[in-house]
Each structure stands twice: as C-alpha cells, then as structure tokens.
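Visitor: Hey, dropping structure14.cif in here, mmCIF, C-alpha atoms and all ligand atoms:
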data_input
#
loop_
_atom_site.group_PDB
_atom_site.id
_atom_site.type_symbol
_atom_site.label_atom_id
_atom_site.label_comp_id
_atom_site.auth_asym_id
_atom_site.auth_seq_id
_atom_site.Cartn_x
_atom_site.Cartn_y
_atom_site.Cartn_z
ATOM 1 C CA MET J 1 -99.489 184.598 80.213
ATOM 2 C CA ILE J 2 -97.109 182.337 82.116
ATOM 3 C CA ARG J 3 -93.471 183.425 82.401
ATOM 4 C CA THR J 4 -90.850 181.273 84.109
ATOM 5 C CA ARG J 5 -87.112 181.538 84.463
ATOM 6 C CA PHE J 6 -83.989 179.510 85.104
ATOM 7 C CA ALA J 7 -81.531 181.508 87.219
ATOM 8 C CA PRO J 8 -78.158 179.795 87.688
ATOM 9 C CA SER J 9 -75.238 181.356 89.540
ATOM 10 C CA PRO J 10 -71.930 181.174 87.631
ATOM 11 C CA ASN J 11 -69.912 179.853 90.561
ATOM 12 C CA GLY J 12 -69.503 176.341 89.195
ATOM 13 C CA SER J 13 -70.501 174.193 86.247
ATOM 14 C CA LEU J 14 -74.091 173.107 85.846
ATOM 15 C CA HIS J 15 -74.948 169.533 86.727
ATOM 16 C CA LEU J 16 -77.901 167.207 86.217
ATOM 17 C CA GLY J 17 -79.859 168.910 88.996
ATOM 18 C CA HIS J 18 -79.678 172.179 87.080
ATOM 19 C CA ALA J 19 -80.706 170.424 83.888
ATOM 20 C CA TYR J 20 -83.764 169.033 85.649
ATOM 21 C CA SER J 21 -84.606 172.480 87.050
ATOM 22 C CA ALA J 22 -84.256 174.103 83.637
ATOM 23 C CA VAL J 23 -86.423 171.417 82.010
ATOM 24 C CA VAL J 24 -89.165 171.990 84.611
ATOM 25 C CA ALA J 25 -89.130 175.778 84.137
ATOM 26 C CA HIS J 26 -88.959 175.513 80.355
ATOM 27 C CA ASP J 27 -91.719 172.920 80.033
ATOM 28 C CA LEU J 28 -94.128 174.709 82.368
ATOM 29 C CA ALA J 29 -93.739 177.866 80.278
ATOM 30 C CA ARG J 30 -94.153 176.058 76.973
ATOM 31 C CA ALA J 31 -97.165 174.055 78.215
ATOM 32 C CA GLY J 32 -98.882 177.345 79.009
ATOM 33 C CA GLY J 33 -97.853 178.990 75.741
ATOM 34 C CA GLY J 34 -95.694 181.418 77.721
ATOM 35 C CA ALA J 35 -92.110 182.554 77.990
ATOM 36 C CA PHE J 36 -89.014 180.980 79.549
ATOM 37 C CA LEU J 37 -86.205 183.345 80.564
ATOM 38 C CA LEU J 38 -82.553 182.770 81.395
ATOM 39 C CA ARG J 39 -81.035 184.879 84.162
ATOM 40 C CA ILE J 40 -77.395 184.808 85.212
ATOM 41 C CA GLU J 41 -77.086 185.522 88.959
ATOM 42 C CA ASP J 42 -73.532 186.836 88.851
ATOM 43 C CA ILE J 43 -73.357 189.374 91.664
ATOM 44 C CA ASP J 44 -71.458 187.266 94.159
ATOM 45 C CA GLY J 45 -68.158 188.905 93.283
ATOM 46 C CA THR J 46 -66.060 186.572 95.372
ATOM 47 C CA ARG J 47 -67.293 183.364 93.731
ATOM 48 C CA SER J 48 -68.570 184.432 90.323
ATOM 49 C CA ARG J 49 -66.737 183.225 87.221
ATOM 50 C CA PRO J 50 -68.036 185.265 84.269
ATOM 51 C CA GLU J 51 -66.773 182.783 81.688
ATOM 52 C CA LEU J 52 -69.303 180.231 82.929
ATOM 53 C CA ALA J 53 -72.254 182.220 81.559
ATOM 54 C CA GLY J 54 -71.287 181.188 78.021
ATOM 55 C CA GLU J 55 -71.082 177.562 79.149
ATOM 56 C CA PHE J 56 -74.557 177.814 80.654
ATOM 57 C CA ARG J 57 -76.000 179.066 77.373
ATOM 58 C CA ALA J 58 -74.297 176.241 75.515
ATOM 59 C CA ASP J 59 -75.567 173.691 78.065
ATOM 60 C CA LEU J 60 -79.181 174.853 77.667
ATOM 61 C CA ALA J 61 -78.951 174.867 73.874
ATOM 62 C CA TRP J 62 -77.488 171.343 74.040
ATOM 63 C CA LEU J 63 -80.477 170.224 76.128
ATOM 64 C CA GLY J 64 -82.762 171.686 73.466
ATOM 65 C CA LEU J 65 -84.114 174.360 75.801
ATOM 66 C CA GLU J 66 -84.593 177.719 74.074
ATOM 67 C CA TRP J 67 -85.030 180.801 76.208
ATOM 68 C CA ASP J 68 -86.965 183.872 75.178
ATOM 69 C CA GLY J 69 -85.530 187.347 74.780
ATOM 70 C CA ALA J 70 -82.166 188.587 75.962
ATOM 71 C CA VAL J 71 -80.344 186.816 78.778
ATOM 72 C CA VAL J 72 -80.836 188.768 82.004
ATOM 73 C CA VAL J 73 -77.543 189.494 83.764
ATOM 74 C CA GLN J 74 -77.766 190.636 87.368
ATOM 75 C CA SER J 75 -74.522 192.603 87.314
ATOM 76 C CA GLN J 76 -76.187 194.958 84.819
ATOM 77 C CA ARG J 77 -78.952 195.773 87.274
ATOM 78 C CA LEU J 78 -77.017 197.043 90.256
ATOM 79 C CA ALA J 79 -78.655 200.471 90.165
ATOM 80 C CA ALA J 80 -82.108 198.931 90.599
ATOM 81 C CA TYR J 81 -80.958 196.891 93.608
ATOM 82 C CA ALA J 82 -79.330 199.935 95.197
ATOM 83 C CA ALA J 83 -82.478 202.015 94.642
ATOM 84 C CA ALA J 84 -84.645 199.412 96.358
ATOM 85 C CA GLY J 85 -82.144 199.301 99.217
ATOM 86 C CA GLU J 86 -82.379 203.070 99.621
ATOM 87 C CA ARG J 87 -86.155 202.815 99.661
ATOM 88 C CA LEU J 88 -86.098 200.260 102.446
ATOM 89 C CA LYS J 89 -83.574 202.371 104.367
ATOM 90 C CA ALA J 90 -85.852 205.397 104.024
ATOM 91 C CA MET J 91 -88.668 203.265 105.464
ATOM 92 C CA GLY J 92 -86.459 202.648 108.508
ATOM 93 C CA LEU J 93 -86.352 198.905 107.880
ATOM 94 C CA LEU J 94 -82.606 198.340 107.340
ATOM 95 C CA TYR J 95 -79.727 198.680 109.767
ATOM 96 C CA PRO J 96 -75.977 198.347 109.283
ATOM 97 C CA CYS J 97 -74.135 195.358 110.703
ATOM 98 C CA ARG J 98 -70.432 194.550 110.783
ATOM 99 C CA CYS J 99 -70.606 191.180 112.538
ATOM 100 C CA THR J 100 -68.460 188.402 111.121
ATOM 101 C CA ARG J 101 -69.756 184.891 110.458
ATOM 102 C CA ALA J 102 -67.746 183.633 113.429
ATOM 103 C CA GLU J 103 -69.253 186.263 115.746
ATOM 104 C CA ILE J 104 -72.744 185.369 114.595
ATOM 105 C CA ALA J 105 -72.121 181.642 115.031
ATOM 106 C CA ALA J 106 -70.825 182.259 118.543
ATOM 107 C CA ALA J 107 -73.761 184.461 119.586
ATOM 108 C CA ALA J 108 -76.605 182.641 117.806
ATOM 109 C CA THR J 109 -79.144 180.742 119.854
ATOM 110 C CA ALA J 110 -81.159 179.252 116.994
ATOM 111 C CA MET J 111 -80.561 177.542 113.672
ATOM 112 C CA GLY J 112 -82.407 178.665 110.553
ATOM 113 C CA PRO J 113 -82.612 177.299 107.010
ATOM 114 C CA ASP J 114 -79.203 178.817 106.179
ATOM 115 C CA GLY J 115 -77.405 178.074 109.439
ATOM 116 C CA PRO J 116 -77.124 180.082 112.659
ATOM 117 C CA VAL J 117 -79.824 182.739 112.949
ATOM 118 C CA TYR J 118 -78.377 186.209 113.349
ATOM 119 C CA PRO J 119 -79.228 187.186 116.939
ATOM 120 C CA GLY J 120 -79.906 190.873 116.221
ATOM 121 C CA THR J 121 -76.631 192.103 117.729
ATOM 122 C CA CYS J 122 -76.498 195.379 115.743
ATOM 123 C CA ARG J 123 -80.221 196.116 115.573
ATOM 124 C CA ASP J 124 -80.197 198.774 118.263
ATOM 125 C CA ARG J 125 -76.529 199.711 118.100
ATOM 126 C CA ALA J 126 -74.846 202.691 116.512
ATOM 127 C CA VAL J 127 -72.789 201.026 113.773
ATOM 128 C CA ASP J 128 -70.573 202.862 111.286
ATOM 129 C CA PRO J 129 -72.398 202.157 107.989
ATOM 130 C CA GLU J 130 -69.226 202.609 105.905
ATOM 131 C CA GLY J 131 -68.526 199.208 104.362
ATOM 132 C CA ALA J 132 -71.152 197.505 106.528
ATOM 133 C CA ALA J 133 -73.800 195.017 105.419
ATOM 134 C CA TRP J 134 -77.427 196.123 105.772
ATOM 135 C CA ARG J 135 -79.916 193.827 107.429
ATOM 136 C CA LEU J 136 -83.680 193.855 107.246
ATOM 137 C CA ASP J 137 -85.406 194.310 110.600
ATOM 138 C CA VAL J 138 -87.742 191.415 109.858
ATOM 139 C CA ALA J 139 -90.032 191.820 112.872
ATOM 140 C CA LYS J 140 -90.565 195.501 112.098
ATOM 141 C CA ALA J 141 -91.035 194.794 108.392
ATOM 142 C CA ALA J 142 -93.484 191.933 109.030
ATOM 143 C CA ALA J 143 -95.484 194.111 111.406
ATOM 144 C CA LEU J 144 -95.672 196.801 108.736
ATOM 145 C CA ALA J 145 -96.684 194.344 106.012
ATOM 146 C CA GLY J 146 -99.237 192.422 108.092
ATOM 147 C CA PRO J 147 -100.029 188.735 107.568
ATOM 148 C CA LEU J 148 -98.890 187.420 104.179
ATOM 149 C CA ALA J 149 -99.446 184.221 102.260
ATOM 150 C CA TRP J 150 -98.052 182.717 99.097
ATOM 151 C CA THR J 151 -98.889 179.731 96.945
ATOM 152 C CA ASP J 152 -96.697 176.875 95.868
ATOM 153 C CA ALA J 153 -98.088 174.828 93.001
ATOM 154 C CA LEU J 154 -97.195 171.574 94.745
ATOM 155 C CA ALA J 155 -97.418 172.409 98.469
ATOM 156 C CA GLY J 156 -100.410 174.759 98.360
ATOM 157 C CA VAL J 157 -101.030 177.986 100.252
ATOM 158 C CA GLN J 158 -98.352 178.926 102.791
ATOM 159 C CA ALA J 159 -98.555 181.502 105.564
ATOM 160 C CA ALA J 160 -95.371 183.553 105.244
ATOM 161 C CA THR J 161 -92.933 183.123 108.136
ATOM 162 C CA PRO J 162 -89.986 185.341 107.104
ATOM 163 C CA GLY J 163 -88.680 185.438 110.676
ATOM 164 C CA ILE J 164 -87.210 181.923 110.367
ATOM 165 C CA PHE J 165 -84.036 183.377 108.842
ATOM 166 C CA GLY J 166 -83.705 186.176 111.388
ATOM 167 C CA ASP J 167 -82.709 189.605 110.092
ATOM 168 C CA VAL J 168 -81.415 188.720 106.622
ATOM 169 C CA VAL J 169 -78.730 190.726 104.840
ATOM 170 C CA LEU J 170 -80.133 192.625 101.854
ATOM 171 C CA LEU J 171 -77.192 194.844 100.921
ATOM 172 C CA ARG J 172 -73.777 193.335 101.237
ATOM 173 C CA LYS J 173 -70.257 194.548 101.690
ATOM 174 C CA GLU J 174 -68.726 192.583 98.867
ATOM 175 C CA ALA J 175 -71.792 192.390 96.618
ATOM 176 C CA PRO J 176 -74.320 195.119 95.993
ATOM 177 C CA ALA J 177 -77.361 193.067 96.899
ATOM 178 C CA SER J 178 -78.051 189.727 98.478
ATOM 179 C CA TYR J 179 -79.734 186.892 96.629
ATOM 180 C CA HIS J 180 -83.035 187.625 98.373
ATOM 181 C CA LEU J 181 -83.250 191.222 97.203
ATOM 182 C CA ALA J 182 -81.849 190.755 93.705
ATOM 183 C CA ALA J 183 -83.947 187.693 92.850
ATOM 184 C CA THR J 184 -87.145 189.283 94.146
ATOM 185 C CA LEU J 185 -86.587 192.484 92.184
ATOM 186 C CA ASP J 186 -85.641 190.612 89.035
ATOM 187 C CA ASP J 187 -88.636 188.313 89.098
ATOM 188 C CA ALA J 188 -90.844 191.408 89.282
ATOM 189 C CA ALA J 189 -88.890 193.339 86.631
ATOM 190 C CA ASP J 190 -89.093 190.404 84.238
ATOM 191 C CA GLY J 191 -92.788 189.783 84.810
ATOM 192 C CA ILE J 192 -92.221 186.257 86.095
ATOM 193 C CA THR J 193 -95.601 184.746 86.963
ATOM 194 C CA LEU J 194 -94.376 181.336 88.151
ATOM 195 C CA VAL J 195 -91.083 181.164 90.028
ATOM 196 C CA THR J 196 -89.718 177.671 89.471
ATOM 197 C CA ARG J 197 -86.735 176.489 91.483
ATOM 198 C CA GLY J 198 -85.563 173.667 93.688
ATOM 199 C CA ALA J 199 -87.192 172.828 97.003
ATOM 200 C CA ASP J 200 -83.939 173.806 98.741
ATOM 201 C CA LEU J 201 -85.068 177.417 98.208
ATOM 202 C CA PHE J 202 -88.581 176.843 99.532
ATOM 203 C CA ALA J 203 -87.925 178.681 102.808
ATOM 204 C CA ALA J 204 -86.361 181.668 101.024
ATOM 205 C CA THR J 205 -89.764 182.391 99.520
ATOM 206 C CA HIS J 206 -91.035 183.540 102.928
ATOM 207 C CA VAL J 207 -88.526 186.393 102.771
ATOM 208 C CA HIS J 208 -89.230 187.132 99.116
ATOM 209 C CA ARG J 209 -92.943 187.413 99.821
ATOM 210 C CA LEU J 210 -92.225 189.966 102.557
ATOM 211 C CA LEU J 211 -89.972 191.985 100.224
ATOM 212 C CA GLN J 212 -92.714 192.022 97.590
ATOM 213 C CA ALA J 213 -95.151 193.455 100.115
ATOM 214 C CA LEU J 214 -92.688 196.105 101.317
ATOM 215 C CA LEU J 215 -91.734 197.193 97.810
ATOM 216 C CA GLY J 216 -95.205 196.957 96.266
ATOM 217 C CA LEU J 217 -94.158 194.273 93.775
ATOM 218 C CA PRO J 218 -96.512 191.879 91.986
ATOM 219 C CA VAL J 219 -96.887 188.465 93.635
ATOM 220 C CA PRO J 220 -96.200 185.468 91.388
ATOM 221 C CA ALA J 221 -96.954 181.819 92.148
ATOM 222 C CA TRP J 222 -94.129 179.416 92.962
ATOM 223 C CA HIS J 223 -93.263 175.892 91.920
ATOM 224 C CA HIS J 224 -90.555 174.376 94.127
ATOM 225 C CA HIS J 225 -89.615 171.109 92.496
ATOM 226 C CA GLY J 226 -87.967 168.122 94.119
ATOM 227 C CA LEU J 227 -84.187 167.884 93.988
ATOM 228 C CA LEU J 228 -81.972 165.280 92.425
ATOM 229 C CA VAL J 229 -80.061 163.463 95.134
ATOM 230 C CA GLU J 230 -77.159 161.063 95.161
ATOM 231 C CA SER J 231 -77.473 157.597 96.655
ATOM 232 C CA ASP J 232 -76.522 158.939 100.096
ATOM 233 C CA GLY J 233 -79.619 161.174 99.934
ATOM 234 C CA ARG J 234 -77.621 164.394 99.614
ATOM 235 C CA LYS J 235 -78.450 166.792 96.828
ATOM 236 C CA LEU J 236 -76.135 167.174 93.884
ATOM 237 C CA ALA J 237 -73.942 170.141 94.617
ATOM 238 C CA LYS J 238 -71.316 172.016 92.702
ATOM 239 C CA ARG J 239 -69.209 172.280 95.806
ATOM 240 C CA ARG J 240 -69.310 168.551 96.518
ATOM 241 C CA GLY J 241 -67.769 167.931 93.161
ATOM 242 C CA SER J 242 -70.905 166.354 91.721
ATOM 243 C CA ALA J 243 -70.105 168.010 88.418
ATOM 244 C CA LEU J 244 -66.769 166.283 88.314
ATOM 245 C CA ALA J 245 -68.236 162.917 89.248
ATOM 246 C CA GLY J 246 -69.785 162.567 85.799
ATOM 247 C CA PHE J 247 -72.902 164.620 86.385
ATOM 248 C CA GLY J 248 -71.574 167.868 84.900
ATOM 249 C CA LEU J 249 -73.424 169.077 81.823
ATOM 250 C CA ALA J 250 -70.474 170.674 80.032
ATOM 251 C CA ASP J 251 -68.421 167.487 80.403
ATOM 252 C CA ARG J 252 -71.256 165.360 79.061
ATOM 253 C CA ARG J 253 -71.809 167.803 76.202
ATOM 254 C CA ARG J 254 -68.140 167.745 75.252
ATOM 255 C CA ALA J 255 -68.080 163.971 75.496
ATOM 256 C CA GLY J 256 -70.650 163.893 72.689
ATOM 257 C CA GLU J 257 -73.716 162.810 74.687
ATOM 258 C CA ASP J 258 -77.109 163.635 73.158
ATOM 259 C CA GLY J 259 -78.418 166.520 75.284
ATOM 260 C CA ARG J 260 -81.961 166.346 73.928
ATOM 261 C CA ALA J 261 -82.153 162.679 74.843
ATOM 262 C CA LEU J 262 -80.951 163.571 78.332
ATOM 263 C CA ALA J 263 -83.693 166.229 78.642
ATOM 264 C CA THR J 264 -86.263 163.657 77.506
ATOM 265 C CA ALA J 265 -85.039 161.211 80.144
ATOM 266 C CA LEU J 266 -85.199 163.860 82.876
ATOM 267 C CA ARG J 267 -88.782 164.698 81.841
ATOM 268 C CA ALA J 268 -89.679 161.042 82.275
ATOM 269 C CA HIS J 269 -87.856 160.930 85.636
ATOM 270 C CA ARG J 270 -85.375 158.467 84.239
ATOM 271 C CA PHE J 271 -82.117 159.293 85.986
ATOM 272 C CA PRO J 272 -78.605 157.893 85.680
ATOM 273 C CA ALA J 273 -77.561 155.199 88.155
ATOM 274 C CA GLY J 274 -77.069 156.587 91.643
ATOM 275 C CA ILE J 275 -79.399 159.555 91.149
ATOM 276 C CA SER J 276 -83.004 159.896 92.216
ATOM 277 C CA LEU J 277 -85.584 162.609 92.749
ATOM 278 C CA ALA J 278 -86.323 163.569 96.360
ATOM 279 C CA GLU J 279 -89.832 164.979 96.367
ATOM 280 C CA ARG J 280 -89.637 166.333 99.894
ATOM 281 C CA LEU J 281 -86.796 168.024 101.695
ATOM 282 C CA ASP J 282 -86.315 169.513 105.124
ATOM 283 C CA GLY J 283 -88.043 172.833 105.308
ATOM 284 C CA CYS J 284 -90.839 171.810 102.969
ATOM 285 C CA PRO J 285 -94.268 170.858 104.194
HETATM 286 N N1 LIG X 301 -79.156 181.360 91.621
HETATM 287 C C1 LIG X 301 -79.781 180.358 92.423
HETATM 288 C C2 LIG X 301 -79.018 179.067 92.322
HETATM 289 O O1 LIG X 301 -78.232 178.886 91.414
HETATM 290 C C3 LIG X 301 -81.221 180.100 92.034
HETATM 291 C C4 LIG X 301 -82.090 181.204 92.459
HETATM 292 C C5 LIG X 301 -83.573 181.065 92.122
HETATM 293 O O2 LIG X 301 -83.952 180.270 91.271
HETATM 294 O O3 LIG X 301 -84.333 181.811 92.742
HETATM 295 O O4 LIG X 301 -79.187 178.215 93.163
#
Here is a file; write its structure as structure tokens.
Ligand code: GLU

Guide:
Amino acid sequence: MIRTRFAPSPNGSLHLGHAYSAVVAHDLARAGGGAFLLRIEDIDGTRSRPELAGEFRADLAWLGLEWDGAVVVQSQRLAAYAAAGERLKAMGLLYPCRCTRAEIAAAATAMGPDGPVYPGTCRDRAVDPEGAAWRLDVAKAAALAGPLAWTDALAGVQAATPGIFGDVVLLRKEAPASYHLAATLDDAADGITLVTRGADLFAATHVHRLLQALLGLPVPAWHHHGLLVESDGRKLAKRRGSALAGFGLADRRRAGEDGRALATALRAHRFPAGISLAERLDGCP
C-alpha cells in the first residue's frame, strides 16, 4: 500500500511552497488508500528551532491534512543513523575530513547541485577523525554497488549519477547525520513507498539510491513535484523572507484565513498573485 511523507525542517516557518508539497504527498497517499506521514527533520542543531514543530502540526491541521500515526522526529533516531555510519565505515567507504567550506570553495574545480564539488582533498590523507566530518567515497561506493536506476513518477527512469555531488558528507561534526543519510534511513524505516518532495531535491535522489544499495534498503519510487516560484522565477524560500512577505502559513492561519480553502486552491493550481508553479527546474530532465 502507498505510503508518503511530508518532511519539513524546523529552521523557519512553513510557506505556500510547503503547503503545496504537503497537499501533493497527502493526496497521493489518500488517492491510493494509503498512509501519509509527518516527519520533523530537526537534526541540524545549528539552525533547528524545536518550537516550530508544533507550528507545523497546527499548519497541517489548518490545511485539513491529517497525518497517520505518530509524528516521526529525527532527533529521536540518532542511534540508527550512527549505526548505519559505522556500517559504512566498516565497509571502508567513509573517510574523515576537516576541510572548511572556504577551503573547499578555494580548491574546487567543479560546481555540483549544492555548490562547489568537494575535490577529494582528504580521501587519501591521514586525518584525525576526532570531531571530523565523514565523507562517502562515492567512486568506491558506486563501483561496489554497480549501475543503479531509480524511477520518478513524472520524469521516468533515471540512471543514478551520485558522483555529481562529489564525496558527500554523511556524518557531520555538528549534527549526527547529514540530510542524505538520515532521510534515506527514515524513508526505509517508515516503509515509505513513494517519496514526494520538491524538484529542488531531484539530484539528491542519486545519492539516496546509492545509499539504499549500500545499506540493503528497500527502493521506493519518487515523485518530485514542481516548485512554487515568485514572479522573478526564484523559488519561495524561508531564507529569502518569503514567509514574511505574506506567504507564511502560520501568519495566514493566525489572520483567520480558511486553510482548507487554501488547500483546495493549491490542488487546483490556483495560486495567489505573484506565485506560479515551475514544472521544471535546473537539474531535472
Ligand atoms: N527536510 C527537507 C526540507 O525541508 C525535505 C526533505 C525531503 O523531503 O526529503 O526541504
């Protein structure tokens, strides 16, 4: 049976783009008679604001979107992330790295979906692992896993190209696990069969597919939906202040707007002035 999830990070208030994403995940689950889960991705200790999780629940309820079962909270699953990290270390696929962002930017020769591609500086170096981040040796891991493919409901079958990010960080200094590792493990642990999320995370799926192969996890299907963009073509973003510009869900809820009517409008692709749906983004086929 279909199981989807909505997995916001509590580092800023939810905005219309999140509402659209939640509606898509919720409706796909309900259309298939399946389950819709809510997961709070709160392991980025430097940016996480725990009090926002309660706001997120209130925002979803206001939109008329009911989730099934208990809310999944990533900070309660640290042991599982650490165990997977140890497994990958034992397979000889992780190495410690102490490079700073500035060092990586200075040494990088290629750009990836998330910015400068880590040039492999520490791959063959003796690095003190104490307090270091651990990176996945992607070439070694991909060679071990062999050719991989995954399926997006809208874009079709994709050959996995996890190397586009370079050697990604899986275990972090300031957080126990990176997004890639935690999200992949959680989707498996929660029996998610259709991973629904915005097309801005399309490329990340190449890495997730590799992690599934390495860790022997089930392989779901994916549905990367188009993103809501402002009139300048840029996606709504918490950090750009989109939430404060009138697109924030909590503000609209408190102002007395009808959340169910908003969800209905989003379903029909009726968006407020200045907002539209971008079906295709860079990085998507
Ligand atoms: N936590 C991520 C975000 O808020 C979403 C991750 C996912 O859906 O895989 O952008």

Visitor: Starting from the displayed file, determine the output of the PyMOL selection byres (((not hetatm)) within 8 of (chain X and resi 301)) and express the residue list as a list in words.

Guide: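 Selected by the PyMOL selection byres (((not hetatm)) within 8 of (chain X and resi 301)) in this file: Arg5, Phe6, Ala7, Pro8, Ser9, Pro10, Ile40, Glu41, Tyr179, Ala183, Val195, Thr196, Arg197, Gly198 and Leu201 of chain J.
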
Visitor: If the PyMOL selection byres (((chain J and resi 249) around 9) and not hetatm) were run on this exact file, what residues would it hold? Put them as a PyMOL selection string.

Guide: chain J and resi 13-16+18-19+56+59+243+246-248+250-254+259

Visitor: In Å, with one decimal, what is the gap from atom CA of J:Gly120 to atom CA of J:Thr46?

Guide: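 According to the coordinates, atom CA of J:Gly120 and atom CA of J:Thr46 are separated by 25.4 Å.
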
Visitor: For the file shown, what are the residues hit by the PyMOL selection byres (((chain J and resi 75) around 8) and not hetatm), laid out as an mmCIF file with C-alpha atoms, in the frame of the given file?

Guide:
data_model
loop_
_atom_site.group_PDB
_atom_site.id
_atom_site.type_symbol
_atom_site.label_atom_id
_atom_site.label_comp_id
_atom_site.auth_asym_id
_atom_site.auth_seq_id
_atom_site.Cartn_x
_atom_site.Cartn_y
_atom_site.Cartn_z
ATOM 1 C CA GLU J 41 -77.086 185.522 88.959
ATOM 2 C CA ASP J 42 -73.532 186.836 88.851
ATOM 3 C CA ILE J 43 -73.357 189.374 91.664
ATOM 4 C CA VAL J 73 -77.543 189.494 83.764
ATOM 5 C CA GLN J 74 -77.766 190.636 87.368
ATOM 6 C CA GLN J 76 -76.187 194.958 84.819
ATOM 7 C CA ARG J 77 -78.952 195.773 87.274
ATOM 8 C CA LEU J 78 -77.017 197.043 90.256
#

Visitor: What is the distance between atom CA of J:Ala237 and atom CA of J:His225, in Å to one decimal?

Guide: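 Those two atoms sit 15.8 Å apart.
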
Visitor: Between J:Met1, J:Ala80, J:Ala278, J:Leu52, which is the closest to J:Leu185 once you count all atoms listed in the file?

Guide: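 Going through J:Met1, J:Ala80, J:Ala278, J:Leu52 one by one, the smallest distance to J:Leu185 is for J:Ala80.
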
Visitor: Between J:Thr193, J:Thr121, J:Ser231, J:Thr4, which is the closest to J:Thr100 once you count all atoms listed in the file?

Guide: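 The answer is J:Thr121, which sits nearest to J:Thr100.
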
Visitor: For each of J:Leu236, J:Leu215, J:Gly274, J:Ala175, take the minimum atom-to-atom distance to J:Ala90, counting only C-alpha atoms, then give the residue where this is smallest.

Guide: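 Under the stated criterion, the closest residue is J:Leu215.
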
Visitor: As an exercise, work out the distance from atom CA of J:Ala153 to atom CA of J:Leu227 in Å and give it to one decimal place.

Guide: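 Calculated distance between atom CA of J:Ala153 and atom CA of J:Leu227 is 15.6 Å.
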
Visitor: At a cut-off of 12 Å, using only C-alpha atoms, what residues contact J:Arg135? Leave out same-chain residues fewer than 6 positions from it and give the result as number ranges by chain.

Guide: J: 85, 88-89, 92-99, 118-124, 127, 129, 141, 165-173, 177-178, 180-181

Visitor: Using the selection just defined, write its residues with C-alpha atoms as a short mmCIF file (atom, residue, chain, number, x, y, z; two decimals), in the frame of the given file.

Guide:
data_model
loop_
_atom_site.label_atom_id
_atom_site.label_comp_id
_atom_site.auth_asym_id
_atom_site.auth_seq_id
_atom_site.Cartn_x
_atom_site.Cartn_y
_atom_site.Cartn_z
CA GLY J 85 -82.14 199.30 99.22
CA LEU J 88 -86.10 200.26 102.45
CA LYS J 89 -83.57 202.37 104.37
CA GLY J 92 -86.46 202.65 108.51
CA LEU J 93 -86.35 198.90 107.88
CA LEU J 94 -82.61 198.34 107.34
CA TYR J 95 -79.73 198.68 109.77
CA PRO J 96 -75.98 198.35 109.28
CA CYS J 97 -74.14 195.36 110.70
CA ARG J 98 -70.43 194.55 110.78
CA CYS J 99 -70.61 191.18 112.54
CA TYR J 118 -78.38 186.21 113.35
CA PRO J 119 -79.23 187.19 116.94
CA GLY J 120 -79.91 190.87 116.22
CA THR J 121 -76.63 192.10 117.73
CA CYS J 122 -76.50 195.38 115.74
CA ARG J 123 -80.22 196.12 115.57
CA ASP J 124 -80.20 198.77 118.26
CA VAL J 127 -72.79 201.03 113.77
CA PRO J 129 -72.40 202.16 107.99
CA ALA J 141 -91.04 194.79 108.39
CA PHE J 165 -84.04 183.38 108.84
CA GLY J 166 -83.70 186.18 111.39
CA ASP J 167 -82.71 189.60 110.09
CA VAL J 168 -81.42 188.72 106.62
CA VAL J 169 -78.73 190.73 104.84
CA LEU J 170 -80.13 192.62 101.85
CA LEU J 171 -77.19 194.84 100.92
CA ARG J 172 -73.78 193.34 101.24
CA LYS J 173 -70.26 194.55 101.69
CA ALA J 177 -77.36 193.07 96.90
CA SER J 178 -78.05 189.73 98.48
CA HIS J 180 -83.04 187.62 98.37
CA LEU J 181 -83.25 191.22 97.20
#

Visitor: Find, counting all atoms listed in the file, the residue in J:Ala182, J:Phe202, J:Leu194, J:Pro176 that gets nearest to J:Pro162.

Guide: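 Smallest distance to J:Pro162 is found for J:Phe202.
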
Visitor: Taking only C-alpha atoms into account, which of J:Arg30, J:Ala35, J:Ala107, J:Leu136 comes nearest J:Gly191?

Guide: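 Using only C-alpha atoms, J:Gly191 sits closest to J:Ala35.
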
Visitor: Using only C-alpha atoms for the distances, tell me which of J:Leu60, J:Ala149, J:Leu277, J:Ala268 is nearest to J:Ala199.

Guide: J:Leu277

Visitor: Skip stretch 154-160 of chain J itself and residues of its chain fewer than 2 positions away, then list as a list in words all residues within 7 Å of it, counting only C-alpha atoms.

Guide: Leu148, Ala149, Trp150, Thr151, Asp152, Pro162, His206, His223 and Pro285 of chain J

Visitor: Please, could N, CA, C and O atoms be added to stretch 102-111 of chain J and the result written as a short mmCIF file (atom, residue, chain, number, x, y, z; two decimals), keeping the file's coordinate frame?

Guide:
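The result, stored in out.cif:
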data_model
loop_
_atom_site.label_atom_id
_atom_site.label_comp_id
_atom_site.auth_asym_id
_atom_site.auth_seq_id
_atom_site.Cartn_x
_atom_site.Cartn_y
_atom_site.Cartn_z
N ALA J 102 -68.17 184.30 112.19
CA ALA J 102 -67.75 183.63 113.43
C ALA J 102 -68.45 184.26 114.63
O ALA J 102 -68.89 183.55 115.55
N GLU J 103 -68.57 185.59 114.63
CA GLU J 103 -69.25 186.26 115.75
C GLU J 103 -70.72 185.84 115.81
O GLU J 103 -71.27 185.62 116.88
N ILE J 104 -71.33 185.75 114.63
CA ILE J 104 -72.74 185.37 114.60
C ILE J 104 -72.91 183.93 115.09
O ILE J 104 -73.79 183.63 115.90
N ALA J 105 -72.03 183.05 114.61
CA ALA J 105 -72.12 181.64 115.03
C ALA J 105 -71.97 181.53 116.55
O ALA J 105 -72.65 180.73 117.20
N ALA J 106 -71.07 182.34 117.10
CA ALA J 106 -70.82 182.26 118.54
C ALA J 106 -72.01 182.79 119.35
O ALA J 106 -72.29 182.30 120.44
N ALA J 107 -72.69 183.81 118.81
CA ALA J 107 -73.76 184.46 119.59
C ALA J 107 -75.15 183.88 119.30
O ALA J 107 -76.09 184.11 120.06
N ALA J 108 -75.27 183.11 118.22
CA ALA J 108 -76.60 182.64 117.81
C ALA J 108 -77.18 181.64 118.80
O ALA J 108 -76.44 180.85 119.40
N THR J 109 -78.49 181.70 118.95
CA THR J 109 -79.14 180.74 119.85
C THR J 109 -80.12 179.84 119.09
O THR J 109 -80.75 178.99 119.69
N ALA J 110 -80.23 180.07 117.79
CA ALA J 110 -81.16 179.25 116.99
C ALA J 110 -80.56 178.97 115.62
O ALA J 110 -79.72 179.73 115.13
N MET J 111 -80.98 177.87 115.03
CA MET J 111 -80.56 177.54 113.67
C MET J 111 -81.72 177.82 112.71
O MET J 111 -82.87 177.51 113.01
#
